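Structure below is input_34.cif: mmCIF, C-alpha atoms.
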data_upload
loop_
_atom_site.group_PDB
_atom_site.id
_atom_site.type_symbol
_atom_site.label_atom_id
_atom_site.label_comp_id
_atom_site.auth_asym_id
_atom_site.auth_seq_id
_atom_site.Cartn_x
_atom_site.Cartn_y
_atom_site.Cartn_z
ATOM 1 C CA MET D 23 15.275 -11.805 9.426
ATOM 2 C CA ASN D 24 13.875 -9.557 6.728
ATOM 3 C CA THR D 25 13.115 -6.179 8.273
ATOM 4 C CA CYS D 26 11.394 -4.950 5.133
ATOM 5 C CA PHE D 27 8.271 -6.999 5.838
ATOM 6 C CA ALA D 28 5.491 -6.169 8.231
ATOM 7 C CA SER D 29 4.142 -9.106 10.194
ATOM 8 C CA VAL D 30 1.108 -9.646 7.964
ATOM 9 C CA ASP D 31 -0.167 -12.444 5.751
ATOM 10 C CA LEU D 32 1.204 -11.617 2.298
ATOM 11 C CA THR D 33 -0.970 -14.071 0.388
ATOM 12 C CA LYS D 34 -4.437 -13.264 1.688
ATOM 13 C CA ALA D 35 -5.868 -10.032 3.013
ATOM 14 C CA SER D 36 -6.847 -10.129 6.661
ATOM 15 C CA LEU D 37 -10.143 -8.381 7.223
ATOM 16 C CA SER D 38 -9.557 -8.562 10.971
ATOM 17 C CA THR D 39 -6.620 -6.116 10.699
ATOM 18 C CA GLN D 40 -8.457 -3.325 8.920
ATOM 19 C CA ILE D 41 -7.614 0.242 9.889
ATOM 20 C CA PRO D 42 -10.757 1.643 11.580
ATOM 21 C CA MET D 43 -12.680 3.931 9.256
ATOM 22 C CA ALA D 44 -12.610 6.636 11.934
ATOM 23 C CA THR D 45 -8.878 7.007 11.294
ATOM 24 C CA VAL D 46 -9.389 7.696 7.582
ATOM 25 C CA LYS D 47 -9.953 11.354 6.681
ATOM 26 C CA LYS D 48 -12.847 12.298 4.409
ATOM 27 C CA THR D 49 -10.375 13.329 1.708
ATOM 28 C CA VAL D 50 -6.804 12.213 1.189
ATOM 29 C CA ARG D 51 -4.457 12.887 -1.715
ATOM 30 C CA VAL D 52 -2.925 10.219 -3.930
ATOM 31 C CA ALA D 53 -0.542 10.331 -6.871
ATOM 32 C CA ALA D 54 -0.134 8.140 -9.939
ATOM 33 C CA ALA D 55 3.213 8.029 -11.707
ATOM 34 C CA GLN D 56 3.967 7.636 -15.399
ATOM 35 C CA MET D 57 7.421 6.667 -16.651
ATOM 36 C CA THR D 58 9.366 4.927 -19.404
ATOM 37 C CA SER D 59 11.318 2.135 -17.719
ATOM 38 C CA VAL D 60 14.465 0.776 -19.368
ATOM 39 C CA ASN D 61 16.885 -2.083 -18.714
ATOM 40 C CA ASP D 62 18.830 -0.053 -16.142
ATOM 41 C CA MET D 63 17.542 -0.560 -12.602
ATOM 42 C CA MET D 64 19.412 2.369 -11.053
ATOM 43 C CA ALA D 65 18.192 4.756 -13.748
ATOM 44 C CA ASN D 66 14.626 3.604 -13.103
ATOM 45 C CA PHE D 67 15.092 3.954 -9.337
ATOM 46 C CA ASN D 68 16.361 7.497 -9.777
ATOM 47 C CA THR D 69 13.247 8.334 -11.811
ATOM 48 C CA CYS D 70 10.997 6.758 -9.166
ATOM 49 C CA SER D 71 12.801 8.615 -6.394
ATOM 50 C CA ARG D 72 12.288 11.942 -8.135
ATOM 51 C CA LEU D 73 8.584 11.235 -8.677
ATOM 52 C CA VAL D 74 8.125 10.222 -5.033
ATOM 53 C CA GLN D 75 9.599 13.559 -3.986
ATOM 54 C CA GLU D 76 7.181 15.359 -6.326
ATOM 55 C CA ALA D 77 4.235 13.440 -4.895
ATOM 56 C CA ALA D 78 5.301 14.178 -1.325
ATOM 57 C CA SER D 79 5.619 17.887 -2.145
ATOM 58 C CA ALA D 80 2.092 17.787 -3.601
ATOM 59 C CA GLY D 81 0.718 16.403 -0.323
ATOM 60 C CA ALA D 82 0.082 12.836 -1.488
ATOM 61 C CA LYS D 83 0.113 9.988 1.047
ATOM 62 C CA LEU D 84 0.383 7.219 -1.580
ATOM 63 C CA ILE D 85 2.089 7.129 -4.966
ATOM 64 C CA CYS D 86 1.379 4.361 -7.465
ATOM 65 C CA PHE D 87 3.953 3.201 -9.998
ATOM 66 C CA PRO D 88 3.332 1.199 -13.190
ATOM 67 C CA GLU D 89 4.063 -2.408 -14.038
ATOM 68 C CA ASN D 90 7.797 -3.034 -14.667
ATOM 69 C CA PHE D 91 8.665 0.112 -12.708
ATOM 70 C CA SER D 92 12.110 -1.222 -11.743
ATOM 71 C CA TYR D 93 13.105 -2.914 -15.005
ATOM 72 C CA MET D 94 11.971 -3.291 -18.621
ATOM 73 C CA GLY D 95 14.039 -5.810 -20.546
ATOM 74 C CA GLU D 96 14.619 -5.862 -24.275
ATOM 75 C CA LYS D 97 13.808 -9.599 -24.477
ATOM 76 C CA SER D 98 11.401 -11.662 -22.391
ATOM 77 C CA GLY D 99 14.142 -13.759 -20.800
ATOM 78 C CA ASP D 100 15.950 -10.664 -19.518
ATOM 79 C CA SER D 101 13.448 -10.225 -16.695
ATOM 80 C CA VAL D 102 14.102 -13.722 -15.353
ATOM 81 C CA LYS D 103 17.837 -13.039 -15.254
ATOM 82 C CA ILE D 104 17.440 -9.994 -12.989
ATOM 83 C CA ALA D 105 14.553 -11.313 -10.857
ATOM 84 C CA GLU D 106 15.076 -11.160 -7.092
ATOM 85 C CA SER D 107 13.324 -12.185 -3.898
ATOM 86 C CA LEU D 108 11.328 -9.561 -2.032
ATOM 87 C CA ASP D 109 14.107 -9.254 0.546
ATOM 88 C CA GLY D 110 16.736 -8.612 -2.138
ATOM 89 C CA PRO D 111 18.610 -5.346 -2.698
ATOM 90 C CA VAL D 112 16.192 -3.905 -5.277
ATOM 91 C CA MET D 113 13.121 -4.042 -3.051
ATOM 92 C CA GLN D 114 15.140 -3.023 -0.006
ATOM 93 C CA ARG D 115 16.073 0.136 -1.911
ATOM 94 C CA TYR D 116 12.395 0.974 -2.451
ATOM 95 C CA CYS D 117 11.589 0.182 1.190
ATOM 96 C CA SER D 118 14.214 2.731 2.190
ATOM 97 C CA LEU D 119 12.740 5.245 -0.255
ATOM 98 C CA ALA D 120 9.296 4.859 1.320
ATOM 99 C CA ARG D 121 10.691 5.266 4.816
ATOM 100 C CA ASP D 122 12.902 8.245 3.968
ATOM 101 C CA THR D 123 10.058 10.143 2.278
ATOM 102 C CA ASN D 124 7.280 9.025 4.676
ATOM 103 C CA MET D 125 5.234 7.801 1.693
ATOM 104 C CA TRP D 126 3.207 4.691 0.916
ATOM 105 C CA LEU D 127 4.328 3.110 -2.374
ATOM 106 C CA SER D 128 2.366 0.912 -4.757
ATOM 107 C CA LEU D 129 4.937 -0.903 -6.886
ATOM 108 C CA GLY D 130 3.219 -2.769 -9.670
ATOM 109 C CA GLY D 131 4.856 -5.533 -11.619
ATOM 110 C CA PHE D 132 8.033 -6.332 -9.694
ATOM 111 C CA GLN D 133 10.062 -9.251 -11.073
ATOM 112 C CA GLU D 134 9.956 -11.577 -8.055
ATOM 113 C CA ARG D 135 12.145 -14.667 -8.476
ATOM 114 C CA PHE D 136 10.390 -18.053 -8.616
ATOM 115 C CA ASP D 137 13.209 -20.252 -9.924
ATOM 116 C CA ASP D 138 15.957 -20.161 -12.575
ATOM 117 C CA THR D 139 13.481 -19.992 -15.466
ATOM 118 C CA HIS D 140 10.367 -18.290 -14.057
ATOM 119 C CA LEU D 141 9.265 -15.328 -11.965
ATOM 120 C CA TYR D 142 6.153 -13.857 -10.384
ATOM 121 C CA ASN D 143 4.802 -10.532 -11.659
ATOM 122 C CA THR D 144 4.238 -9.074 -8.192
ATOM 123 C CA HIS D 145 2.430 -5.951 -7.020
ATOM 124 C CA VAL D 146 4.074 -4.773 -3.787
ATOM 125 C CA VAL D 147 2.608 -2.252 -1.315
ATOM 126 C CA ILE D 148 5.072 -0.616 1.091
ATOM 127 C CA ASP D 149 3.988 1.582 3.989
ATOM 128 C CA ASP D 150 5.513 4.873 5.106
ATOM 129 C CA THR D 151 7.842 3.129 7.571
ATOM 130 C CA GLY D 152 9.423 1.073 4.795
ATOM 131 C CA MET D 153 7.600 -2.164 5.626
ATOM 132 C CA ILE D 154 6.006 -4.373 2.963
ATOM 133 C CA GLN D 155 2.345 -4.504 3.931
ATOM 134 C CA SER D 156 1.030 -6.760 1.155
ATOM 135 C CA THR D 157 1.886 -8.450 -2.132
ATOM 136 C CA TYR D 158 -0.254 -9.683 -5.008
ATOM 137 C CA GLN D 159 1.022 -11.975 -7.749
ATOM 138 C CA LYS D 160 -0.568 -11.288 -11.138
ATOM 139 C CA MET D 161 -3.192 -13.923 -11.931
ATOM 140 C CA HIS D 162 -4.018 -13.263 -15.586
ATOM 141 C CA LEU D 163 -0.986 -13.548 -17.872
ATOM 142 C CA PHE D 164 -0.657 -11.723 -21.182
ATOM 143 C CA ASP D 165 -0.556 -14.469 -23.821
ATOM 144 C CA VAL D 166 -1.859 -12.562 -26.833
ATOM 145 C CA ASP D 167 -1.323 -11.973 -30.529
ATOM 146 C CA VAL D 168 -2.077 -8.249 -30.661
ATOM 147 C CA PRO D 169 -3.959 -7.361 -33.875
ATOM 148 C CA GLY D 170 -1.579 -5.412 -36.071
ATOM 149 C CA GLY D 171 1.092 -5.683 -33.407
ATOM 150 C CA SER D 172 3.400 -8.179 -31.744
ATOM 151 C CA SER D 173 2.900 -11.548 -30.068
ATOM 152 C CA TYR D 174 3.353 -11.890 -26.310
ATOM 153 C CA LYS D 175 3.529 -14.988 -24.129
ATOM 154 C CA GLU D 176 3.983 -13.918 -20.533
ATOM 155 C CA SER D 177 3.323 -17.455 -19.297
ATOM 156 C CA SER D 178 6.574 -18.628 -20.911
ATOM 157 C CA PHE D 179 8.504 -17.030 -18.046
ATOM 158 C CA THR D 180 5.874 -16.083 -15.434
ATOM 159 C CA VAL D 181 4.012 -18.184 -12.861
ATOM 160 C CA PRO D 182 0.423 -16.968 -12.238
ATOM 161 C CA GLY D 183 -0.691 -16.026 -8.743
ATOM 162 C CA LYS D 184 -3.613 -17.720 -7.004
ATOM 163 C CA ASN D 185 -4.887 -15.235 -4.424
ATOM 164 C CA ILE D 186 -6.983 -12.068 -4.621
ATOM 165 C CA VAL D 187 -5.469 -9.461 -2.293
ATOM 166 C CA SER D 188 -6.556 -6.243 -0.603
ATOM 167 C CA VAL D 189 -4.912 -4.206 2.145
ATOM 168 C CA ASP D 190 -5.809 -1.282 4.374
ATOM 169 C CA SER D 191 -3.947 2.003 4.040
ATOM 170 C CA PRO D 192 -4.307 5.672 4.985
ATOM 171 C CA VAL D 193 -6.082 6.232 1.655
ATOM 172 C CA GLY D 194 -8.651 3.477 2.206
ATOM 173 C CA ARG D 195 -8.830 -0.232 1.522
ATOM 174 C CA LEU D 196 -6.761 -1.001 -1.584
ATOM 175 C CA GLY D 197 -7.569 -3.748 -4.079
ATOM 176 C CA LEU D 198 -4.454 -4.978 -5.876
ATOM 177 C CA THR D 199 -4.355 -5.994 -9.543
ATOM 178 C CA VAL D 200 -1.860 -5.794 -12.428
ATOM 179 C CA CYS D 201 -2.412 -4.782 -16.076
ATOM 180 C CA TYR D 202 -4.050 -7.694 -17.977
ATOM 181 C CA ASP D 203 -6.244 -8.441 -14.952
ATOM 182 C CA LEU D 204 -8.214 -5.408 -16.139
ATOM 183 C CA ARG D 205 -9.996 -7.530 -18.767
ATOM 184 C CA PHE D 206 -11.410 -9.953 -16.183
ATOM 185 C CA PRO D 207 -14.198 -8.245 -14.191
ATOM 186 C CA LYS D 208 -14.682 -11.025 -11.643
ATOM 187 C CA ILE D 209 -11.521 -10.189 -9.715
ATOM 188 C CA TYR D 210 -12.736 -6.588 -9.361
ATOM 189 C CA GLN D 211 -16.183 -7.729 -8.231
ATOM 190 C CA GLN D 212 -14.577 -9.888 -5.555
ATOM 191 C CA LEU D 213 -12.304 -7.076 -4.431
ATOM 192 C CA ARG D 214 -15.304 -4.784 -3.974
ATOM 193 C CA PHE D 215 -18.017 -7.062 -2.640
ATOM 194 C CA ASP D 216 -16.020 -9.745 -0.803
ATOM 195 C CA GLN D 217 -12.952 -7.791 0.322
ATOM 196 C CA LYS D 218 -14.567 -4.342 0.684
ATOM 197 C CA ALA D 219 -12.096 -2.449 -1.481
ATOM 198 C CA GLN D 220 -12.546 1.306 -1.832
ATOM 199 C CA VAL D 221 -9.618 2.063 -4.143
ATOM 200 C CA ILE D 222 -8.463 -0.340 -6.867
ATOM 201 C CA LEU D 223 -4.934 -0.148 -8.231
ATOM 202 C CA VAL D 224 -4.150 -1.133 -11.833
ATOM 203 C CA PRO D 225 -0.416 -0.700 -12.539
ATOM 204 C CA SER D 226 0.077 -1.377 -16.236
ATOM 205 C CA ALA D 227 2.236 -1.462 -19.347
ATOM 206 C CA PHE D 228 -0.466 -1.578 -22.022
ATOM 207 C CA THR D 229 0.581 -1.916 -25.641
ATOM 208 C CA THR D 230 -0.149 1.050 -27.896
ATOM 209 C CA VAL D 231 -2.695 -0.937 -29.958
ATOM 210 C CA THR D 232 -4.706 -2.285 -27.026
ATOM 211 C CA GLY D 233 -4.349 0.945 -25.070
ATOM 212 C CA ASP D 234 -5.741 3.067 -27.875
ATOM 213 C CA ALA D 235 -8.720 0.741 -28.243
ATOM 214 C CA HIS D 236 -9.587 -0.239 -24.674
ATOM 215 C CA TRP D 237 -7.541 1.412 -21.884
ATOM 216 C CA GLU D 238 -9.819 4.214 -20.679
ATOM 217 C CA ILE D 239 -13.039 2.321 -21.463
ATOM 218 C CA LEU D 240 -12.037 -0.662 -19.345
ATOM 219 C CA LEU D 241 -10.777 1.453 -16.448
ATOM 220 C CA ARG D 242 -13.915 3.572 -16.267
ATOM 221 C CA SER D 243 -16.041 0.436 -16.492
ATOM 222 C CA ARG D 244 -14.220 -1.142 -13.537
ATOM 223 C CA ALA D 245 -14.723 2.051 -11.506
ATOM 224 C CA ILE D 246 -18.423 2.291 -12.338
ATOM 225 C CA GLU D 247 -19.311 -1.354 -11.721
ATOM 226 C CA THR D 248 -17.425 -1.515 -8.413
ATOM 227 C CA GLN D 249 -18.127 2.055 -7.234
ATOM 228 C CA CYS D 250 -14.443 2.349 -6.356
ATOM 229 C CA TYR D 251 -11.721 4.827 -7.135
ATOM 230 C CA VAL D 252 -9.361 3.366 -9.729
ATOM 231 C CA ILE D 253 -5.714 4.419 -9.919
ATOM 232 C CA ALA D 254 -4.033 3.290 -13.122
ATOM 233 C CA ALA D 255 -0.321 4.098 -13.316
ATOM 234 C CA SER D 256 1.062 3.323 -16.750
ATOM 235 C CA GLN D 257 4.290 2.856 -18.619
ATOM 236 C CA ALA D 258 4.576 5.302 -21.531
ATOM 237 C CA GLY D 259 6.573 5.659 -24.709
ATOM 238 C CA LYS D 260 9.412 3.722 -26.304
ATOM 239 C CA HIS D 261 11.453 1.525 -23.945
ATOM 240 C CA ASN D 262 13.659 -0.014 -26.627
ATOM 241 C CA GLU D 263 13.506 -0.966 -30.289
ATOM 242 C CA LYS D 264 10.945 -3.704 -29.652
ATOM 243 C CA ARG D 265 8.725 -2.342 -26.894
ATOM 244 C CA GLU D 266 6.470 0.702 -26.615
ATOM 245 C CA SER D 267 3.744 1.414 -24.045
ATOM 246 C CA TYR D 268 0.521 3.380 -24.388
ATOM 247 C CA GLY D 269 0.747 5.668 -21.362
ATOM 248 C CA ASP D 270 -2.263 7.802 -20.313
ATOM 249 C CA THR D 271 -2.023 7.388 -16.535
ATOM 250 C CA LEU D 272 -5.463 7.955 -14.961
ATOM 251 C CA ILE D 273 -7.231 8.387 -11.639
ATOM 252 C CA ILE D 274 -10.985 7.726 -11.858
ATOM 253 C CA ASP D 275 -13.681 8.312 -9.235
ATOM 254 C CA PRO D 276 -16.522 5.906 -8.246
ATOM 255 C CA TRP D 277 -18.930 7.590 -10.672
ATOM 256 C CA GLY D 278 -16.549 6.863 -13.548
ATOM 257 C CA SER D 279 -15.245 10.411 -13.989
ATOM 258 C CA VAL D 280 -11.569 10.993 -14.737
ATOM 259 C CA VAL D 281 -10.226 13.165 -11.893
ATOM 260 C CA GLY D 282 -6.510 12.833 -12.586
ATOM 261 C CA ARG D 283 -4.630 12.643 -15.888
ATOM 262 C CA LEU D 284 -1.239 13.681 -17.186
ATOM 263 C CA PRO D 285 -1.564 16.319 -19.924
ATOM 264 C CA ASP D 286 0.945 14.424 -22.080
ATOM 265 C CA ARG D 287 0.243 10.728 -22.637
ATOM 266 C CA PHE D 288 3.947 9.994 -23.201
ATOM 267 C CA SER D 289 5.585 12.155 -20.531
ATOM 268 C CA THR D 290 7.264 11.126 -17.295
ATOM 269 C CA GLY D 291 5.538 12.697 -14.315
ATOM 270 C CA ILE D 292 2.711 12.408 -11.824
ATOM 271 C CA THR D 293 -0.958 13.249 -11.608
ATOM 272 C CA VAL D 294 -2.631 13.833 -8.248
ATOM 273 C CA ALA D 295 -6.220 13.658 -7.044
ATOM 274 C CA ASP D 296 -8.099 13.553 -3.759
ATOM 275 C CA ILE D 297 -9.843 10.379 -2.669
ATOM 276 C CA ASP D 298 -13.172 11.750 -1.417
ATOM 277 C CA PHE D 299 -14.807 9.279 0.946
ATOM 278 C CA SER D 300 -17.969 11.391 1.112
ATOM 279 C CA LEU D 301 -18.398 10.960 -2.642
ATOM 280 C CA LEU D 302 -17.696 7.240 -2.404
ATOM 281 C CA GLU D 303 -20.282 6.811 0.353
ATOM 282 C CA SER D 304 -22.810 8.932 -1.555
ATOM 283 C CA VAL D 305 -22.484 6.925 -4.768
ATOM 284 C CA ARG D 306 -22.824 3.641 -2.891
ATOM 285 C CA THR D 307 -25.792 4.848 -0.833
ATOM 286 C CA LYS D 308 -27.758 6.280 -3.750
ATOM 287 C CA MET D 309 -27.152 3.222 -5.916
ATOM 288 C CA PRO D 310 -26.790 0.293 -3.451
ATOM 289 C CA ILE D 311 -25.643 -2.370 -5.887
ATOM 290 C CA ASP D 312 -23.990 -4.335 -3.085
ATOM 291 C CA LYS D 313 -27.476 -5.037 -1.665
ATOM 292 C CA GLN D 314 -29.165 -5.489 -5.058
ATOM 293 C CA ARG D 315 -26.878 -8.092 -6.599
ATOM 294 C CA VAL D 316 -28.555 -11.310 -7.647
ATOM 295 C CA SER D 317 -26.688 -14.608 -7.518
ATOM 296 C CA ILE D 318 -26.711 -16.225 -10.949
ATOM 297 C CA ASP D 319 -25.634 -19.823 -11.365
ATOM 298 C CA LEU D 320 -24.966 -20.769 -14.970
#
What would you get if you wrote out this structure as structure tokens?
Amino acid sequence: MNTCFASVDLTKASLSTQIPMATVKKTVRVAAAQMTSVNDMMANFNTCSRLVQEAASAGAKLICFPENFSYMGEKSGDSVKIAESLDGPVMQRYCSLARDTNMWLSLGGFQERFDDTHLYNTHVVIDDTGMIQSTYQKMHLFDVDVPGGSSYKESSFTVPGKNIVSVDSPVGRLGLTVCYDLRFPKIYQQLRFDQKAQVILVPSAFTTVTGDAHWEILLRSRAIETQCYVIAASQAGKHNEKRESYGDTLIIDPWGSVVGRLPDRFSTGITVADIDFSLLESVRTKMPIDKQRVSIDL
């Protein structure tokens, strides 16, 4: 029996198991981590462990890590070779980290084994007792010829997920996404209006070209149109000779204002901000878009 999992449905969020709003404080601190993952899982874990300790010392209840937090291969096939199940030793190590530090962890972009040739790109949320509370498998895969950059075909080794997922936490109801999902607004609309998300997580490893052009614009747009906090933990800097990530880890409030940002776009570190539920309620009350939406059938 896998003791890392809580007894919850990991494919669909259960609205019947929500934490009562009365138990959620009006403000609660969160952290977003920025790092430069490499093809050494223990080195990456040591970095994550240090950043968790920093977040705990800063009073955060949740820390969010970027896509590929545990491993960044030099070639696309490398990730398949190291992929593991969620009850394997890599995830067990992070479950222990959460439990030992009494922190909730958002682990975006874990290489979850599907078969010998494919994996899931899985966003894992672990609670402060070391139990996996929810998982989301990335739906939109990065098959792109980046203008002036490289070509990527994530679907050559990744199986897309099928379910939109949210989960309750001490920092509110979390909507789970991963990186390229950011360009597809419908998933964010469903997280807000159907699944009642308050905080949307966007762990990412944006390329430098697409990040420079679209990263902050897209994130602030998702926050504004959903009236949610958005936490976007990002990979940063040069991972190897072939791969470099944009960085610029951000926390954005429901009005679209940046409330957390690392001073150095390429550095390893954390940024912290307070989730203010009074602000969230005020924005939603003064501009009640949830009640004003019009159904449009094309």
Original post:
In terms of the shortest atom-to-atom distance over all atoms listed in the file, which of D:Ala53, D:Asp100, D:Gly197, D:Glu303 is closest to Leu272 (chain D)?
Top reply: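 Under the stated criterion, the closest residue is D:Ala53.
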Which residues of region 55-162 of chain D have any atom within 6 Å of an atom in region 177-191 of chain D when counting only C-alpha atoms, and what is the closest pair of atoms for each, with the distance in Å to one decimal? Order the rows by chain and rising number and write it as JSON lines.
{"residue": "D:His140", "atom": "CA", "partner": "D:Phe179", "partner_atom": "CA", "distance": 4.6}
{"residue": "D:Leu141", "atom": "CA", "partner": "D:Thr180", "partner_atom": "CA", "distance": 4.9}
{"residue": "D:Tyr142", "atom": "CA", "partner": "D:Val181", "partner_atom": "CA", "distance": 5.4}
{"residue": "D:Tyr158", "atom": "CA", "partner": "D:Val187", "partner_atom": "CA", "distance": 5.9}
{"residue": "D:Gln159", "atom": "CA", "partner": "D:Gly183", "partner_atom": "CA", "distance": 4.5}
{"residue": "D:Lys160", "atom": "CA", "partner": "D:Gly183", "partner_atom": "CA", "distance": 5.3}
{"residue": "D:Met161", "atom": "CA", "partner": "D:Gly183", "partner_atom": "CA", "distance": 4.6}
Original post:
With distances taken over only C-alpha atoms, which of D:Tyr202, D:Tyr251, D:Trp237, D:Phe87 is nearest to Ile273 (chain D)?
Top reply: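 Distance minimum relative to Ile273 (chain D) lands on D:Tyr251.
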**OP:** Evaluate the PyMOL selection byres ((chain D and resi 288-293) around 9) on the structure here and hand back the selected residues as an MDAnalysis selection string.
**Re:** chainID D and resid 52:58 69 73:74 76:77 85 255 257:260 267:273 282:287 294:295
**OP:** Using all atoms listed in the file, pick whichever of D:Ile311, D:Ala235, D:Ile297, D:Arg242 has the shortest atom-to-atom distance to Ser279 (chain D).
**Re:**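 Answer, going by the shortest atom-to-atom distance: D:Arg242.
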**OP:** Can you work out which one of D:Phe215, D:Phe67, D:Phe132, D:Phe206 has the shortest atom-to-atom distance to Pro88 (chain D), counting only C-alpha atoms?
**Re:** D:Phe132
Original post:
Rounded to one decimal in Å, what is the spacing between CA of Arg244 (chain D) and CA of Tyr210 (chain D)?
Top reply: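 Value for the CA of Arg244 (chain D)-CA of Tyr210 (chain D) distance: 7.0 Å.
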**OP:** Name the closest residue to Ala219 (chain D) among the candidates D:Val193, D:Ala80, D:Leu241, D:Ile154; distances are taken between atoms, counting all atoms listed in the file.
**Re:**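 Closest to Ala219 (chain D), using all atoms listed in the file: D:Val193.
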**OP:** May I ask which of the residues D:Asn262, D:Ser59, D:Gln314, D:Gln114 is the closest one to Lys97 (chain D), counting all atoms listed in the file?
**Re:**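 Nearest candidate to Lys97 (chain D) out of D:Asn262, D:Ser59, D:Gln314, D:Gln114: D:Asn262.
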What do you get, as a compact mmCIF listing (two decimals) with C-alpha atoms, in the frame of the given file, if you spell out every residue that the PyMOL selection byres ((chain D and resi 106) around 10) selects here?
# COMPACT_ATOMS: atom_id res chain seq x y z
CA SER D 101 13.45 -10.22 -16.70
CA VAL D 102 14.10 -13.72 -15.35
CA LYS D 103 17.84 -13.04 -15.25
CA ILE D 104 17.44 -9.99 -12.99
CA ALA D 105 14.55 -11.31 -10.86
CA SER D 107 13.32 -12.18 -3.90
CA LEU D 108 11.33 -9.56 -2.03
CA ASP D 109 14.11 -9.25 0.55
CA GLY D 110 16.74 -8.61 -2.14
CA PRO D 111 18.61 -5.35 -2.70
CA VAL D 112 16.19 -3.90 -5.28
CA MET D 113 13.12 -4.04 -3.05
CA PHE D 132 8.03 -6.33 -9.69
CA GLN D 133 10.06 -9.25 -11.07
CA GLU D 134 9.96 -11.58 -8.06
CA ARG D 135 12.14 -14.67 -8.48
CA PHE D 136 10.39 -18.05 -8.62
CA ASP D 137 13.21 -20.25 -9.92
CA LEU D 141 9.26 -15.33 -11.96
CA TYR D 142 6.15 -13.86 -10.38
Because the input lacks atoms here, generate all heavy atoms for region 228-233 of chain D and report them as a PDB file, keeping the file's coordinate frame.
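Just written: part-v7.pdb:
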ATOM      1  N   PHE D 228       0.367  -1.242 -20.872  1.00  0.00           N
ATOM      2  CA  PHE D 228      -0.466  -1.578 -22.022  1.00  0.00           C
ATOM      3  C   PHE D 228       0.279  -1.314 -23.327  1.00  0.00           C
ATOM      4  O   PHE D 228       1.041  -0.351 -23.440  1.00  0.00           O
ATOM      5  CB  PHE D 228      -1.749  -0.743 -22.009  1.00  0.00           C
ATOM      6  CG  PHE D 228      -2.985  -1.503 -21.589  1.00  0.00           C
ATOM      7  CD1 PHE D 228      -3.044  -2.165 -20.372  1.00  0.00           C
ATOM      8  CD2 PHE D 228      -4.109  -1.539 -22.407  1.00  0.00           C
ATOM      9  CE1 PHE D 228      -4.178  -2.855 -19.980  1.00  0.00           C
ATOM     10  CE2 PHE D 228      -5.255  -2.222 -22.026  1.00  0.00           C
ATOM     11  CZ  PHE D 228      -5.297  -2.885 -20.818  1.00  0.00           C
ATOM     12  N   THR D 229       0.035  -2.168 -24.316  1.00  0.00           N
ATOM     13  CA  THR D 229       0.581  -1.916 -25.641  1.00  0.00           C
ATOM     14  C   THR D 229      -0.136  -0.718 -26.261  1.00  0.00           C
ATOM     15  O   THR D 229      -1.237  -0.342 -25.844  1.00  0.00           O
ATOM     16  CB  THR D 229       0.414  -3.130 -26.572  1.00  0.00           C
ATOM     17  OG1 THR D 229      -0.973  -3.291 -26.888  1.00  0.00           O
ATOM     18  CG2 THR D 229       0.952  -4.401 -25.919  1.00  0.00           C
ATOM     19  N   THR D 230       0.473  -0.116 -27.259  1.00  0.00           N
ATOM     20  CA  THR D 230      -0.149   1.050 -27.896  1.00  0.00           C
ATOM     21  C   THR D 230      -1.446   0.674 -28.611  1.00  0.00           C
ATOM     22  O   THR D 230      -2.411   1.440 -28.608  1.00  0.00           O
ATOM     23  CB  THR D 230       0.825   1.696 -28.892  1.00  0.00           C
ATOM     24  OG1 THR D 230       1.279   0.720 -29.827  1.00  0.00           O
ATOM     25  CG2 THR D 230       2.025   2.286 -28.170  1.00  0.00           C
ATOM     26  N   VAL D 231      -1.495  -0.510 -29.222  1.00  0.00           N
ATOM     27  CA  VAL D 231      -2.695  -0.937 -29.958  1.00  0.00           C
ATOM     28  C   VAL D 231      -3.856  -1.188 -28.995  1.00  0.00           C
ATOM     29  O   VAL D 231      -4.959  -0.662 -29.179  1.00  0.00           O
ATOM     30  CB  VAL D 231      -2.406  -2.206 -30.781  1.00  0.00           C
ATOM     31  CG1 VAL D 231      -3.691  -2.737 -31.414  1.00  0.00           C
ATOM     32  CG2 VAL D 231      -1.369  -1.914 -31.861  1.00  0.00           C
ATOM     33  N   THR D 232      -3.626  -1.977 -27.960  1.00  0.00           N
ATOM     34  CA  THR D 232      -4.706  -2.285 -27.026  1.00  0.00           C
ATOM     35  C   THR D 232      -5.058  -1.075 -26.165  1.00  0.00           C
ATOM     36  O   THR D 232      -6.216  -0.885 -25.793  1.00  0.00           O
ATOM     37  CB  THR D 232      -4.323  -3.468 -26.113  1.00  0.00           C
ATOM     38  OG1 THR D 232      -3.111  -3.148 -25.413  1.00  0.00           O
ATOM     39  CG2 THR D 232      -4.111  -4.731 -26.926  1.00  0.00           C
ATOM     40  N   GLY D 233      -4.066  -0.246 -25.858  1.00  0.00           N
ATOM     41  CA  GLY D 233      -4.349   0.945 -25.070  1.00  0.00           C
ATOM     42  C   GLY D 233      -5.236   1.924 -25.805  1.00  0.00           C
ATOM     43  O   GLY D 233      -6.197   2.466 -25.236  1.00  0.00           O
TER      44      GLY D 233
END
